[in-house]
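Quick look at target.cif (mmCIF, C-alpha atoms):
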```cif
data_model
#
loop_
_atom_site.label_atom_id
_atom_site.label_comp_id
_atom_site.auth_asym_id
_atom_site.auth_seq_id
_atom_site.Cartn_x
_atom_site.Cartn_y
_atom_site.Cartn_z
CA MET A 24 123.03 128.86 150.99
CA ARG A 25 119.38 129.11 151.85
CA ARG A 26 116.89 126.29 151.91
CA ALA A 27 114.78 128.30 149.53
CA ASP A 28 117.50 127.71 146.97
CA VAL A 29 115.72 124.61 145.80
CA GLN A 30 112.64 126.60 144.86
CA GLU A 31 112.10 127.45 141.26
CA ALA A 32 114.05 130.46 140.13
CA GLY A 33 112.62 133.35 138.17
CA GLU A 34 113.96 134.47 134.83
CA LYS A 35 116.13 131.80 133.27
CA MET A 36 119.20 131.73 131.11
CA GLN A 37 118.58 133.07 127.63
CA ALA A 38 120.82 133.68 124.64
CA PRO A 39 124.60 134.02 124.91
CA ARG A 40 126.01 137.51 125.18
CA ARG A 41 128.79 139.10 123.14
CA ARG A 42 130.09 135.97 121.52
CA PRO A 43 132.77 137.03 119.05
CA PRO A 44 132.25 136.37 115.35
CA GLN A 45 133.41 133.05 113.98
CA SER A 46 136.51 133.07 111.81
CA GLY A 47 137.96 129.54 111.75
CA PRO A 48 136.53 126.21 110.66
CA SER A 49 132.78 125.80 110.82
CA VAL A 50 131.61 123.64 113.73
CA GLU A 51 128.12 122.18 113.39
CA LEU A 52 126.44 120.15 116.09
CA SER A 53 123.64 117.66 115.52
CA VAL A 54 122.00 115.31 117.95
CA ARG A 55 119.80 112.23 117.77
CA ARG A 56 117.45 112.16 120.71
CA LEU A 57 116.60 108.66 121.85
CA ARG A 58 115.03 107.07 124.91
CA GLU A 59 116.21 104.14 126.93
CA PRO A 60 113.53 101.52 127.73
CA ASP A 61 113.04 103.02 131.16
CA GLY A 62 112.48 106.48 129.69
CA ARG A 63 115.89 107.97 130.31
CA ALA A 64 117.17 110.37 127.67
CA LEU A 65 119.99 109.30 125.36
CA LEU A 66 121.59 111.92 123.13
CA LEU A 67 123.96 110.90 120.35
CA TYR A 68 125.98 113.87 119.15
CA ARG A 69 127.70 114.36 115.84
CA VAL A 70 129.92 117.42 115.58
CA THR A 71 131.06 118.24 112.07
CA ILE A 72 134.12 120.41 111.59
CA THR A 73 134.42 121.94 108.15
CA PRO A 74 137.44 123.94 106.99
CA HIS A 75 136.64 127.62 106.59
CA SER A 76 136.79 127.51 102.79
CA GLU A 77 134.04 124.90 102.76
CA ALA A 78 132.00 126.38 105.57
CA GLY A 79 129.24 127.46 103.25
CA ALA A 80 128.52 123.84 102.43
CA ALA A 81 128.18 122.73 106.05
CA PRO A 82 125.06 120.62 106.67
CA THR A 83 122.13 121.99 108.58
CA PRO A 84 122.13 120.47 112.08
CA ASP A 85 119.26 118.25 113.16
CA VAL A 86 118.68 119.08 116.77
CA THR A 87 115.01 118.24 117.04
CA GLY A 88 114.52 114.64 115.96
CA THR A 89 113.20 112.18 118.52
CA HIS A 90 113.39 108.43 118.12
CA ASP A 91 112.09 105.81 120.48
CA VAL A 92 114.24 102.75 121.06
CA ARG A 93 112.19 101.18 123.81
CA GLY A 94 112.95 97.52 124.25
CA ARG A 95 116.47 97.88 122.95
CA VAL A 96 118.22 97.28 126.28
CA ALA A 97 117.61 93.99 128.05
CA PRO A 98 116.61 93.93 131.71
CA ALA A 99 119.48 93.92 134.14
CA THR A 100 118.63 90.40 135.25
CA ASP A 101 119.41 89.15 131.74
CA ARG A 102 122.99 90.31 131.89
CA PRO A 103 125.82 87.82 131.45
CA ALA A 104 127.46 86.54 134.58
CA GLY A 105 130.25 88.77 135.73
CA ALA A 106 128.75 91.91 134.29
CA GLY A 107 127.75 93.32 137.63
CA THR A 108 124.26 94.75 137.53
CA GLY A 109 124.28 94.77 133.75
CA SER A 110 125.19 97.12 131.04
CA ARG A 111 123.33 100.05 132.46
CA ALA A 112 125.63 102.55 133.95
CA ASP A 113 125.87 105.55 136.10
CA GLY A 114 129.39 106.62 135.37
CA MET B 5 115.08 107.31 145.56
CA GLY B 6 116.34 109.51 148.32
CA GLU B 7 115.99 113.13 149.24
CA LEU B 8 117.83 116.29 150.22
CA ARG B 9 118.52 116.67 153.92
CA TRP B 10 119.59 120.01 155.33
CA HIS B 11 122.84 120.13 157.31
CA PRO B 12 122.11 122.83 159.88
CA LEU B 13 125.71 123.28 161.02
CA LEU B 14 127.22 123.71 157.58
CA GLY B 15 124.16 125.27 156.01
CA GLN B 16 124.12 123.00 153.01
CA TRP B 17 122.16 120.19 151.47
CA VAL B 18 123.18 116.55 151.69
CA VAL B 19 121.89 114.26 148.93
CA VAL B 20 120.73 110.88 150.23
CA ALA B 21 120.77 108.39 147.35
CA SER B 22 120.88 104.94 148.87
CA HIS B 23 119.92 103.26 145.57
CA ARG B 24 123.38 104.11 144.25
CA GLN B 25 124.82 101.28 146.35
CA GLU B 26 123.57 98.96 143.60
CA ARG B 27 125.27 100.73 140.72
CA THR B 28 127.40 98.94 138.17
CA TYR B 29 130.85 98.33 139.61
CA LYS B 30 133.95 97.86 137.48
CA PRO B 31 132.52 95.53 134.83
CA PRO B 32 135.04 93.74 132.58
CA ALA B 33 135.78 95.47 129.28
CA GLU B 34 133.73 92.97 127.26
CA PHE B 35 130.66 94.01 129.21
CA CYS B 36 131.37 97.73 129.22
CA PRO B 37 128.01 99.54 129.35
CA LEU B 38 129.46 102.66 127.76
CA CYS B 39 130.75 100.98 124.60
CA PRO B 40 128.45 100.97 121.58
CA THR B 41 126.37 97.82 121.26
CA ARG B 42 128.31 95.40 119.05
CA ASP B 43 126.49 92.18 119.89
CA PRO B 44 122.70 92.52 119.97
CA ALA B 45 122.64 89.75 122.55
CA HIS B 46 124.55 92.04 124.88
CA PRO B 47 123.06 95.50 124.45
CA THR B 48 124.69 98.40 126.21
CA GLU B 49 123.50 101.90 126.99
CA ILE B 50 124.32 103.02 123.44
CA PRO B 51 122.80 101.34 120.37
CA ASP B 52 125.37 102.06 117.65
CA GLU B 53 128.66 103.75 116.77
CA ASP B 54 127.24 106.59 114.70
CA TRP B 55 128.20 109.35 117.08
CA ASP B 56 131.13 111.37 118.31
CA ILE B 57 129.98 111.93 121.88
CA ALA B 58 127.07 110.29 123.70
CA VAL B 59 125.13 111.68 126.65
CA PHE B 60 122.56 109.79 128.67
CA GLU B 61 120.73 110.20 131.92
CA ASN B 62 122.40 108.31 134.71
CA ARG B 63 120.72 105.02 135.56
CA PHE B 64 121.62 105.53 139.20
CA PRO B 65 121.14 109.27 139.60
CA SER B 66 121.62 111.30 142.72
CA LEU B 67 119.04 113.77 141.43
CA VAL B 68 116.06 113.17 139.11
CA GLU B 69 113.71 115.50 137.31
CA ALA B 70 110.54 113.82 138.60
CA ALA B 71 111.79 113.52 142.15
CA PRO B 72 109.45 111.69 144.54
CA PRO B 73 108.55 113.19 147.90
CA PRO B 74 111.16 112.61 150.61
CA GLN B 75 110.98 109.20 152.23
CA VAL B 76 111.45 110.68 155.66
CA ALA B 77 109.97 113.61 157.51
CA GLY B 78 112.30 116.51 158.14
CA THR B 79 112.91 118.02 161.54
CA ALA B 80 112.72 121.58 162.74
CA LEU B 81 116.47 121.92 162.29
CA SER B 82 116.88 119.68 159.28
CA PRO B 83 114.16 120.07 156.70
CA VAL B 84 114.06 117.72 153.74
CA ALA B 85 113.28 118.35 150.09
CA PRO B 86 112.86 116.26 146.95
CA ALA B 87 116.17 115.39 145.28
CA GLN B 88 115.20 117.10 142.05
CA GLY B 89 117.76 117.61 139.34
CA ILE B 90 119.36 115.81 136.42
CA CYS B 91 122.46 113.61 136.33
CA GLU B 92 123.98 112.84 132.95
CA VAL B 93 126.88 110.70 131.79
CA VAL B 94 129.02 112.06 128.93
CA VAL B 95 130.79 109.31 126.98
CA TYR B 96 133.76 110.95 125.34
CA SER B 97 133.98 108.60 122.35
CA PRO B 98 133.14 105.03 121.31
CA ASP B 99 136.77 104.11 122.03
CA HIS B 100 136.97 102.17 125.30
CA ASP B 101 140.61 102.95 125.92
CA ARG B 102 141.20 106.50 124.73
CA THR B 103 141.09 108.95 127.61
CA LEU B 104 140.38 112.62 127.24
CA ALA B 105 144.09 113.38 127.44
CA GLU B 106 144.68 111.02 124.52
CA GLN B 107 141.98 112.51 122.28
CA SER B 108 142.94 114.85 119.46
CA VAL B 109 142.47 118.58 119.87
CA GLU B 110 139.79 118.31 117.19
CA HIS B 111 137.84 115.74 119.19
CA ILE B 112 138.17 117.80 122.35
CA ARG B 113 136.83 120.73 120.33
CA LYS B 114 133.76 118.61 119.59
CA LEU B 115 133.36 117.85 123.28
CA VAL B 116 133.52 121.56 124.09
CA GLU B 117 130.60 122.08 121.74
CA VAL B 118 128.60 119.33 123.42
CA TRP B 119 129.42 120.68 126.89
CA ALA B 120 128.14 124.11 125.86
CA HIS B 121 124.97 122.54 124.46
CA ARG B 122 124.31 120.58 127.64
CA TYR B 123 124.99 123.61 129.85
CA GLU B 124 122.51 125.68 127.88
CA GLU B 125 119.85 123.01 127.56
CA LEU B 126 119.95 121.87 131.18
CA GLY B 127 120.25 125.44 132.43
CA ARG B 128 116.98 126.34 130.74
CA ARG B 129 115.03 123.88 132.89
CA PRO B 130 112.99 125.89 135.41
CA PHE B 131 114.13 123.89 138.44
CA VAL B 132 117.84 123.97 137.58
CA ARG B 133 119.97 126.64 139.21
CA TYR B 134 123.46 125.31 138.64
CA VAL B 135 124.98 123.03 135.97
CA MET B 136 128.24 121.36 136.93
CA ILE B 137 130.27 119.58 134.26
CA PHE B 138 132.96 117.36 135.71
CA GLU B 139 135.07 114.27 135.33
CA ASN B 140 136.27 111.83 137.95
CA ARG B 141 139.23 110.07 136.41
CA GLY B 142 140.85 106.91 137.68
CA GLU B 143 139.95 104.19 140.14
CA ALA B 144 141.83 106.08 142.83
CA VAL B 145 139.19 108.80 142.54
CA GLY B 146 136.39 106.26 142.74
CA VAL B 147 135.58 105.64 139.10
CA THR B 148 133.58 102.43 138.66
CA LEU B 149 133.46 102.33 134.84
CA HIS B 150 136.70 102.44 132.91
CA HIS B 151 135.38 103.71 129.58
CA PRO B 152 136.46 107.39 129.50
CA HIS B 153 133.55 109.59 130.42
CA GLY B 154 132.54 112.65 132.36
CA GLN B 155 129.37 113.66 134.13
CA ILE B 156 126.98 116.57 134.44
CA TYR B 157 124.92 117.40 137.50
CA ALA B 158 122.08 119.90 137.15
CA PHE B 159 121.41 121.06 140.70
CA PRO B 160 118.26 122.73 142.05
CA PHE B 161 120.52 124.95 144.15
CA VAL B 162 123.92 126.59 143.84
CA PRO B 163 126.28 124.16 145.63
CA PRO B 164 128.45 125.40 148.51
CA ILE B 165 131.80 125.75 146.76
CA PRO B 166 130.56 127.69 143.71
CA GLN B 167 128.42 129.75 146.06
CA GLN B 168 131.44 130.56 148.23
CA GLU B 169 133.50 131.46 145.18
CA LEU B 170 130.76 133.72 143.85
CA ALA B 171 130.36 135.44 147.21
CA HIS B 172 134.05 136.30 147.37
CA ALA B 173 134.09 137.37 143.72
CA ARG B 174 131.07 139.59 144.34
CA GLU B 175 132.68 141.17 147.38
CA HIS B 176 135.88 141.86 145.42
CA HIS B 177 133.90 143.26 142.51
CA GLU B 178 131.93 145.58 144.77
CA ARG B 179 135.06 146.76 146.56
CA THR B 180 137.38 147.22 143.58
CA GLY B 181 135.15 147.26 140.52
CA ARG B 182 137.21 144.43 139.07
CA CYS B 183 136.82 140.71 138.58
CA LEU B 184 138.57 138.61 141.22
CA LEU B 185 139.85 135.97 138.82
CA CYS B 186 140.97 138.60 136.31
CA ASP B 187 143.08 139.99 139.15
CA VAL B 188 144.33 136.51 140.09
CA LEU B 189 145.38 136.02 136.49
CA ALA B 190 147.17 139.36 136.50
CA GLU B 191 149.08 138.28 139.59
CA GLU B 192 150.03 134.99 137.97
CA ARG B 193 151.24 136.74 134.86
CA ALA B 194 153.23 139.17 136.96
CA ALA B 195 154.78 136.28 138.88
CA ALA B 196 155.74 134.69 135.58
CA GLY B 197 157.47 137.87 134.53
CA ALA B 198 155.08 138.57 131.70
CA SER B 199 154.82 142.19 132.70
CA ALA B 200 158.43 142.63 133.77
CA PRO B 201 160.89 142.13 130.88
CA GLY B 202 164.19 140.71 131.98
CA ARG B 203 162.82 138.62 134.79
CA ASP B 204 162.95 134.87 134.66
CA ARG B 205 159.65 133.98 133.09
CA ARG B 206 160.06 130.34 134.07
CA SER B 207 159.93 131.08 137.77
CA GLY B 208 156.19 131.54 137.94
CA ARG B 209 153.33 129.09 138.17
CA ILE B 210 152.00 129.22 134.61
CA VAL B 211 152.16 125.81 132.92
CA VAL B 212 150.36 126.25 129.60
CA GLU B 213 149.10 129.32 127.78
CA ASN B 214 147.86 130.35 124.38
CA ASP B 215 146.14 133.40 122.93
CA ASP B 216 142.95 132.94 124.92
CA PHE B 217 143.66 130.66 127.89
CA VAL B 218 146.15 130.30 130.70
CA VAL B 219 146.67 127.21 132.87
CA PHE B 220 148.55 127.68 136.10
CA VAL B 221 149.12 126.15 139.50
CA PRO B 222 147.40 128.67 141.77
CA PHE B 223 149.47 130.42 144.40
CA PHE B 224 146.96 128.91 146.84
CA ALA B 225 146.80 125.38 145.38
CA ARG B 226 145.29 122.79 147.73
CA PHE B 227 145.75 119.53 145.80
CA PRO B 228 149.02 118.12 144.46
CA TYR B 229 149.63 119.57 140.99
CA GLU B 230 146.30 121.37 141.12
CA THR B 231 145.80 123.70 138.18
CA MET B 232 143.26 126.27 137.11
CA LEU B 233 142.40 126.86 133.46
CA LEU B 234 141.23 130.41 132.91
CA PRO B 235 140.15 132.39 129.84
CA ARG B 236 141.97 135.67 129.44
CA ARG B 237 138.68 137.32 128.54
CA HIS B 238 136.12 137.79 131.26
CA VAL B 239 133.29 135.40 130.42
CA GLY B 240 130.86 133.61 132.68
CA SER B 241 130.36 130.40 130.75
CA LEU B 242 131.17 128.35 127.68
CA LEU B 243 128.26 130.02 125.90
CA GLU B 244 130.11 133.30 125.76
CA LEU B 245 133.22 131.86 124.12
CA GLY B 246 133.74 132.51 120.43
CA ASP B 247 134.84 129.85 118.00
CA ALA B 248 138.54 130.71 118.14
CA GLU B 249 138.36 130.70 121.92
CA ARG B 250 136.77 127.27 121.89
CA TRP B 251 139.64 125.97 119.78
CA HIS B 252 142.14 127.49 122.17
CA LEU B 253 140.26 126.00 125.10
CA SER B 254 140.56 122.60 123.45
CA GLU B 255 144.29 123.08 122.94
CA ALA B 256 144.79 124.19 126.52
CA LEU B 257 142.82 121.20 127.81
CA LYS B 258 144.92 118.86 125.74
CA GLY B 259 148.03 120.65 126.94
CA ILE B 260 147.42 120.30 130.65
CA LEU B 261 145.95 116.78 130.50
CA ALA B 262 148.91 115.52 128.46
CA ARG B 263 151.29 117.05 130.99
CA TYR B 264 149.52 115.33 133.85
CA ASP B 265 149.98 111.94 132.21
CA ALA B 266 153.58 112.71 131.30
CA LEU B 267 154.43 113.85 134.83
CA PHE B 268 154.72 110.38 136.37
CA GLY B 269 154.29 108.33 133.21
CA LEU B 270 150.83 107.17 134.28
CA ARG B 271 147.26 108.19 133.76
CA MET B 272 146.94 110.82 136.43
CA PRO B 273 143.87 110.38 138.64
CA TYR B 274 142.11 113.69 138.96
CA MET B 275 138.84 115.49 139.34
CA MET B 276 138.11 118.05 136.64
CA VAL B 277 135.43 120.55 137.60
CA MET B 278 134.00 123.28 135.41
CA HIS B 279 132.86 126.44 137.16
CA GLN B 280 130.30 128.43 135.20
CA ALA B 281 127.67 130.97 136.09
CA PRO B 282 124.52 129.71 137.80
CA THR B 283 121.68 129.37 135.33
CA ASP B 284 118.88 131.00 137.30
CA ARG B 285 119.45 134.39 135.66
CA PRO B 286 119.86 135.41 132.03
CA VAL B 287 123.33 134.98 130.57
CA GLY B 288 125.49 137.75 132.01
CA GLY B 289 123.41 137.85 135.19
CA TYR B 290 126.44 137.05 137.30
CA PRO B 291 128.98 139.68 136.22
CA GLU B 292 131.33 138.66 139.02
CA CYS B 293 131.57 135.09 137.66
CA HIS B 294 134.65 134.21 135.62
CA PHE B 295 134.42 130.83 133.88
CA HIS B 296 137.21 128.45 134.81
CA ILE B 297 138.10 124.79 135.05
CA GLU B 298 139.79 123.34 138.10
CA PHE B 299 141.92 120.20 137.89
CA LEU B 300 142.30 118.48 141.24
CA PRO B 301 144.72 115.54 141.01
CA ILE B 302 145.27 113.23 143.95
CA GLN B 303 148.59 111.65 142.92
CA ARG B 304 151.34 113.40 144.88
CA ALA B 305 154.15 111.04 143.80
CA PRO B 306 154.42 108.11 141.39
CA SER B 307 153.25 105.67 144.07
CA LYS B 308 151.65 107.95 146.62
CA LEU B 309 148.15 109.35 146.83
CA LYS B 310 146.94 112.44 148.59
CA TYR B 311 144.11 111.65 151.01
CA LEU B 312 141.64 114.17 152.28
CA ALA B 313 142.20 113.23 155.91
CA GLY B 314 141.56 114.87 159.25
CA SER B 315 142.61 118.42 158.52
CA GLU B 316 141.08 118.55 155.06
CA SER B 317 137.84 116.67 155.79
CA GLY B 318 137.40 117.68 159.40
CA ALA B 319 138.58 121.25 159.34
CA GLY B 320 138.44 122.18 155.68
CA THR B 321 142.09 123.19 155.81
CA PHE B 322 144.30 121.68 153.13
CA ILE B 323 147.92 120.79 153.71
CA THR B 324 150.11 120.39 150.64
CA ASP B 325 153.38 118.50 150.43
CA ALA B 326 155.09 120.65 147.82
CA THR B 327 155.12 124.30 146.84
CA PRO B 328 152.91 125.39 143.96
CA GLU B 329 156.02 126.83 142.30
CA GLU B 330 157.75 123.45 142.37
CA MET B 331 154.61 121.70 141.10
CA ALA B 332 154.41 124.12 138.18
CA ARG B 333 158.08 123.62 137.38
CA GLN B 334 157.61 119.86 137.23
CA LEU B 335 154.55 120.16 135.01
CA ARG B 336 156.41 122.51 132.64
CA ARG B 337 159.29 120.07 132.49
CA ALA B 338 156.84 117.27 131.65
CA GLY B 339 155.57 119.49 128.86
CA GLU B 340 159.04 119.88 127.43
CA ARG B 341 159.16 116.14 126.94
CA LEU B 342 155.94 116.42 124.95
CA GLY B 343 157.23 119.08 122.62
CA GLY B 344 155.00 121.81 123.98
CA VAL B 345 151.66 120.25 123.06
CA GLY B 346 148.76 122.58 123.73
CA GLY B 347 150.92 125.64 124.23
CA VAL B 348 153.79 126.49 126.54
CA ALA B 349 154.40 128.95 129.33
CA ARG B 350 155.59 132.05 127.52
#
```
In structure tokens, write the structure found in this file.
Amino acid sequence: MRRADVQEAGEKMQAPRRRPPQSGPSVELSVRRLREPDGRALLLYRVTITPHSEAGAAPTPDVTGTHDVRGRVAPATDRPAGAGTGSRADG
Amino acid sequence: MGELRWHPLLGQWVVVASHRQERTYKPPAEFCPLCPTRDPAHPTEIPDEDWDIAVFENRFPSLVEAAPPPQVAGTALSPVAPAQGICEVVVYSPDHDRTLAEQSVEHIRKLVEVWAHRYEELGRRPFVRYVMIFENRGEAVGVTLHHPHGQIYAFPFVPPIPQQELAHAREHHERTGRCLLCDVLAEERAAAGASAPGRDRRSGRIVVENDDFVVFVPFFARFPYETMLLPRRHVGSLLELGDAERWHLSEALKGILARYDALFGLRMPYMMVMHQAPTDRPVGGYPECHFHIEFLPIQRAPSKLKYLAGSESGAGTFITDATPEEMARQLRRAGERLGGVGGVAR
């Protein structure tokens, strides 16, 4: 690895290549894009699986909506005793 | 925040992230930060239950998009760089107790879709060169939150192990004109007798297989019960998988994870690491890259863990306590008790 690896790369990933045609149930992904109070992104995904015979009626995914929920999460210092540093997490 | 510091002997970056010492540590279930908020007086990371899978940026990230300048000056031998990147947490479901192995194939199929979406979206960021999807499972691996979840790191560089794998795959491709992992898979299938009728097909290292995926203990396994999940078709990432393949991937995932838990009758601690093409070129820009998932368990016996000790950590040489063939046999036998969930070794 070179140190220059952290520099910005050139042409980026584009569309998928040679993905085979779909034949089974329809799988539709939608996402609600929220923000934590400190600005971190929160994405809530719904993935709808529709049997093939009903695939034509599958809902159009919403992948662009943005909703602000600032103020929804209390500061870490307000957490109940015993909850560590609060209900914020890093996995 | 910290920074990247260059390790001149190993030729790799070290991420300094001292703020992570303060991260949430094993909270009780009633204060789980990954559960949906049920009591407004005790909000969590996630406001409601109207979702299948939730993804959020880590509150204690190792890498951040708006990385500050390094807090220290580099040296002539060890330059420093901003720790730029993105660290996300992937909450598998609102259910606090249901691990990935215990999810339905249909729910895993949903997760595959989300993984593909995150890989594509993060990979499009100009500063991201490599997107790693992974899961650390179990306290023995170091998990500090019990709610089943995985993580995604979007690195500004290609990390050492994927880089080493790609270098060897590229060398093999240039020398033979073939994909290295396609050839590894051919060897595994030959060892299993798939290409030699009459041989004992159960003597190989394949544990689970279906029409599109094969899971096997590699001939060169390093960890106890280590497996590799490989698509039969040569693809570089999740983005190139068709719908049927994504279903078969979900089945194969369920198959191997269920076998791990059945092996010792406990939730197997493991690291699951997805290897996909770097994202600094258009899709298909790394023809030598063959998408795969590695499962690296650390439980070598019902009450014994495998530690990465002197030889592994100091020399990079792994020592295993059982043969890969025996590990595969035990995992297949665990699968028989499950009724062949996820596919069987054919």
> Excluding same-chain residues fewer than 6 positions from range 115-117 of chain B, what lies within 9 Å of it counting only C-alpha atoms, as JSON, numbers by chain?
Replying inline: {"A": [50, 51, 52, 70], "B": [56, 57, 96, 242, 250, 251, 253, 254]}
>> Can you spell out as a PyMOL selection string the set of residues that the PyMOL selection byres ((chain B and resi 328-340) around 8) selects in the structure I just provided?
In response: chain B and resi 206-212+220-225+228-229+259+262-264+266-267+326-327+341-345+348-349
> If we count only C-alpha atoms, which residues of chain B reach to within 7 Å of chain A? Please list them as a ChimeraX atom specification.
Replying inline: /B:15-16,27-29,31-32,35-37,47-49,55-65,93,114,127-128,130-131,148-149,160-161,164,243-248,283-288
>> For the PyMOL selection byres ((chain B and resi 227) around 8), applied here, can you spell out every residue it catches as a ChimeraX atom specification?
In response: /B:225-226,228-230,300-302,310,322,324
Extending 8 Å beyond the listed atoms of range 62-66 of chain A on each side, what axis-aligned box results? I want centre and edge lengths in Å to one decimal, as lines of an AutoDock Vina configuration file.
```
center_x = 117.0
center_y = 109.2
center_z = 126.7
size_x = 25.1
size_y = 21.4
size_z = 23.2
```
>> Give me, as number ranges by chain, all polymer residues having an atom no more than 6 Å from range 73-89 of chain B, counting all atoms listed in the file and skipping those fewer than 5 positions away in the same chain.
In response: B: 7-10, 67-68, 158-160
> What is the CA of Ser307 in chain B to CA of Leu270 in chain B distance in Å?
Replying inline: 10.2 Å
